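Colleague: Supplied in structure tokens, the structure appears directly below.
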Amino acid sequence: MAYTLGELAALLGGEFRGPADLPIEGIAALESATDREITFIAQKRYARLAGQSRAAAFIVAPEQAALERPLIVVANPYLAYARVAALFAPSRERWPGVSDLACLGREVELGQDVSVAPLACIGHGVVLGDRVTIMPGCVLGDHVRLGPDTLLHPNVTILERCTVGARCIIHSGAVIGSDGFGFVPGRDGHTKIPQLGIVVIEDDVEIGANCAIDRGALGETRVGRGVKMDNLVHLAHNVQVGEHTFLVAQVGIAGSTKLGKHVALGGQAGVAGHIELGDGVQVAAHSAVHNSLPPGQIVLGTPARPREEFLKFNAILPKLPDIYRRLKQLEQQIRELSARLEGESKT
Amino acid sequence: MAYTLGELAALLGGEFRGPADLPIEGIAALESATDREITFIAQKRYARLAGQSRAAAFIVAPEQAALERPLIVVANPYLAYARVAALFAPSRERWPGVSDLACLGREVELGQDVSVAPLACIGHGVVLGDRVTIMPGCVLGDHVRLGPDTLLHPNVTILERCTVGARCIIHSGAVIGSDGFGFVPGRDGHTKIPQLGIVVIEDDVEIGANCAIDRGALGETRVGRGVKMDNLVHLAHNVQVGEHTFLVAQVGIAGSTKLGKHVALGGQAGVAGHIELGDGVQVAAHSAVHNSLPPGQIVLGTPARPREEFLKFNAILPKLPDIYRRLKQLEQQIRELSARLEGESKT
Amino acid sequence: MAYTLGELAALLGGEFRGPADLPIEGIAALESATDREITFIAQKRYARLAGQSRAAAFIVAPEQAALERPLIVVANPYLAYARVAALFAPSRERWPGVSDLACLGREVELGQDVSVAPLACIGHGVVLGDRVTIMPGCVLGDHVRLGPDTLLHPNVTILERCTVGARCIIHSGAVIGSDGFGFVPGRDGHTKIPQLGIVVIEDDVEIGANCAIDRGALGETRVGRGVKMDNLVHLAHNVQVGEHTFLVAQVGIAGSTKLGKHVALGGQAGVAGHIELGDGVQVAAHSAVHNSLPPGQIVLGTPARPREEFLKFNAILPKLPDIYRRLKQLEQQIRELSARLEGESKT
């Protein structure tokens with residue numbers, strides 16, 4: 001597949017500089033693009049590298065429009081990159097219809113143009129929306145429901161009665177609807193609390209590889225519209241994740257905690273159970289949040305603290321041995337001064 | 001399925017207040033229960049919310065028995081909740097017998113009423129106890145043994161020769177018996193140490209989704225009776241976990257470490273290799289333990305320290321910039337005082 | 001299978017003490033070896049335990065050659081242990097050829113003696129080198145390439161176009177080639193950036209259970225020759241891992257970060273995106289690295305700092321409450337001294 005510079009500019013709603021019929025056969029990073037590929041400059045600091053790039057053309061913001069190379073000038077080059085990447089994405093072949101080598105339970109409802117690959121297993125009463133794609137090795141428990149255009153990569157497991165909205169992408173190895181971690185502790189053994197709830201994944205959610213999302217103990221674990229989860233994330237039972245929140249890889253959220261909208265948790269961050277993070281909260285990577293946070297708060301550390309507070313004392317930490325030494329020195333000086341004063345006042 | 005208030009009270013061994021024939025069709029949380037469902041008050045702080053609840057009835061402790069609503073009064077409402085939840089748990093349909101679409105190796109021993117779903121793969125010489133349930137996508141290596149009433153959720157992998165006891169529940173994506181991480185380091189490449197051991201899971205263990213438990217390098221990795229593991233937990237080779245220990249999500253335990261009984265590790269906690277945590281040790285979430293700990297110790301932080309010690313210095317940390325500023329001020333004052341004394345003694 | 005002491009010594013290139021025809025039927029740890037098994041002493045501190053061991057013979061370094069038991073003396077007993085373990089490793093039965101119950105796409109190229117187990121799924125245009133082994137439940141996307149002698153344990157997923165070199169071992173549940181976490185953020189929804197790149201795994205790599213390695217956004221995510229990854233490791237898009245690097249369990253590395261050769265990251269360590277760790281860098285377990293590090297640096301903590309610096313202030317931390325108390329005391333003493341001097345100078 002190939003486009004011309006002029007076609008791409010038109011598709012992006014941007015202006016172009018250079019030959020309209022310049023052929024563009026792909027998109028690549030600044031340093032690896034060939035003279036048949038377009039690249040992009042999303043951050044000013046990369047602009048100085050443009051000179052060495054062999055790229056055929058550049059997608060740039062207006063402030064980079066002086067670059068003397070074939071250009072497409074757009075307001076948001078990063079967004080334009082996403083759009084061009086979609087144009088050049090290699091098409092993935094879907095299994096046509098339902099494979100004879102897939103297992104389907106009773107009373108499965110299939111929308112139009114559903115693709116169920118070989119070695120997928122669909123439980124009783126499952127409902128698959130139009131254009132759903134189920135790759136090999138996926139297992140859907142009884143009465144699972146998937147909205148239209150949702151894609152399950154290979155080896156995804158969705159347990160009974162959980163629901164996934166429209167246009168969701170679930171990556172390989174993810175498990176949705178495993179039992180929550182609920183036990184009544186006892187000296188001679190812990191009693192399992194049956195996990196009766198479900199998981200509800202709303203529309204436009206992406207879930208990374210090998211994530212684990214537990215069903216509610218009672219009621220729901222809910223992942224809001226537009227949430228994006230990276231790999232190996234853990235959501236405990238009855239967690240609520242607000243719309244458009246980002247959960248970076250290896251985040252863990254304990255039971256019944258509620259995240260607002262547009263929250264961002266850095267990689268390996270942990271959040272305690274039964275608390276609430278307001279809209280727009282940001283938690284730095286590898287931090288641990290133990291208390292509820294108001295909207296917009298930015299925190300880091302373990303336990304997490306407001307960013308400014310953390311950065312201030314963290315900068316002093318390496319001085320601690322010196323502080324201790326100087327403190328002992330001061331104590332000695334004070335003792336000497338006091339003794340001297342004592343001596344003088346006696347004389 | 002429905003019960004009356006009187007029937008539930010009898011099953012729980014508790015007393016009831018209100019109409020014996022009050023129909024109860026399910027159990028739900030305080031805030032979401034309908035007038036056909038029972039709820040429970042496990043902690044005093046929730047008692048004040050009882051007034052607004054629409055629940056048909058409440059399971060309460062004796063100290064909440066004054067609540068003027070239909071009640072079942074029991075010593076431990078949380079345990080009673082677990083029991084009632086078990087009554088109302090939707091029954092899960094098991095595959096009847098061994099599916100034609102499952103693969104079975106040679107010389108497999110099947111107990112009574114074993115369920116092997118389609119697309120499960122059972123190796124040679126595997127032994128499955130009575131009423132074992134194997135869901136789709138599970139793979140059991142050669143000579144694996146599962147005790148009676150054990151349940152494997154979909155897409156579980158148990159590698160060759162590992163054994164799992166009775167009444168265990170293993171959630172989707174868990175891997176039991178992967179090779180331990182053992183290499184002889186070398187400049188031009190590391191030499192793999194063949195991992196000859198196995199994993200032994202004792203009775204009544206629950207293992208969360210996407211956990212990874214490595215086989216012993218030599219000998220066993222052992223998970224003791226009644227241990228409960230949350231999602232995404234890592235156990236390295238030759239780890240020993242004592243009976244009834246709780247491992248919360250994303251915990252990682254390095255090689256040959258031994259945990260006592262009734263230990264509790266919070267989410268994302270890490271434990272170094274070749275150490276020992278005594279019975280009843282508690283490690284806070286997101287902490288890292290580097291040294292052996294005596295029984296009953298409660299620790300937190302990275303590196304983990306006794307709880308009281310950590311909390312004390314952690315409270316002072318934000319004052320550190322102020323401490324440093326005041327220290328420098330004191331030094332200045334001492335210099336001035338000394339100079340003044342020096343001046344005075346010269347006069 | 002059994003060897004004699006003399007045969008093992010010859011295979012290891014070591015000298016033996018004791019009867020050449022002493023039968024050795026296996027290898028075991030010092031404390032559990034029977035009188036038919038050999039054991040090894042890899043560290044001096046274990047030498048004192050040799051007396052109580054029932055082992056038939058010992059693999060030791062020259063400095064332990066005085067032990068009055070049947071011995072094999074070698075320069076590196078740990079390496080010798082790895083070699084003997086390989087001799088005694090139980091042989092794993094491979095599926096002979098391609099199972100009728102596996103799914104193969106169009107135009108698959110199979111090397112000699114390839115083993116594809118039942119319930120594996122191989123996409124179109126896949127290339128499998130000689131002696132490749134694919135266990136049950138594995139899914140290979142279209143155009144995946146695996147080098148000779150590579151082994152995929154059950155339930156591994158390798159997505160389209162990714163390549164794996166020769167002699168690699170990939171453990172169960174690992175996912176290679178999932179989409180990187182790339183979105184253009186927006187108030188009303190984030191726009192997915194199609195992930196067009198691939199993952200390249202070079203030769204002699206081992207990847208642990210339930211790891212997740214994302215494909216490049218553009219270009220490659222690359223895992224260098226001889227890299228060893230433990231369980232549940234996350235590699236984001238476009239990460240580059242240098243040759244012979246060790247990544248211990250639950251490590252997470254953010255996008256576009258580059259690790260040098262012979263780097264070692266401890267368990268649960270995290271590394272920020274777009275930075276570079278030089279050859280031989282060592283990061284302690286449960287640390288978080290936010291900045292690039294020069295070759296050979298050893299760091300720990302969150303944020304990670306040079307080892308010596310961290311250890312020094314970490315040792316003082318518990319004194320912080322005492323430091324604060326003594327500081328306040330000094331301030332009081334200074335105030336008193338100043339007042340007294342003031343008084344005296346007035347008199």
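Ordering of the structure tokens sets the chain letters (A, B, ...); residue numbers start at 1 within each chain; ligands are numbered from 1 in the order shown.
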Run DSSP on the backbone and give me the residues of region 40-216 of chain B it puts in helix (DSSP H, G or I), as a list of chain:residue names.

Modeller: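 Helix (DSSP H, G or I) assignments inside region 40-216 of chain B correspond to B:Lys44, B:Arg45, B:Tyr46, B:Ala47, B:Arg48, B:Leu49, B:Ala50, B:Gly51, B:Gln52, B:Pro62, B:Glu63, B:Gln64, B:Pro77, B:Tyr78, B:Leu79, B:Ala80, B:Tyr81, B:Ala82, B:Arg83, B:Val84, B:Ala85, B:Ala86, B:Leu87, B:Phe88.
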
Colleague: Quick one: which residues from chain C are at most 6 Å off chain A, using only C-alpha atoms, as a ChimeraX atom specification?

Modeller: /C:181,184,189,193-194,196,218,313

Colleague: Go ahead and compute the interatomic distance for CA of Leu110 (chain C) and CA of Ser91 (chain C), in Å to one decimal.

Modeller: 23.3 Å

Colleague: Which residues in region 14-113 of chain A does DSSP call strand (DSSP E)? List them as a PyMOL selection string.

Modeller: chain A and resi 15-17+23-24+26-27+37-40+57-60+71-73+103-104+109-110

Colleague: Hey, which of B:Asp21, B:Leu146, B:Pro77, B:Gln195 ends up closest to Ile41 (chain B)? Count only C-alpha atoms.

Modeller: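 Result for the nearest residue to Ile41 (chain B): B:Pro77.
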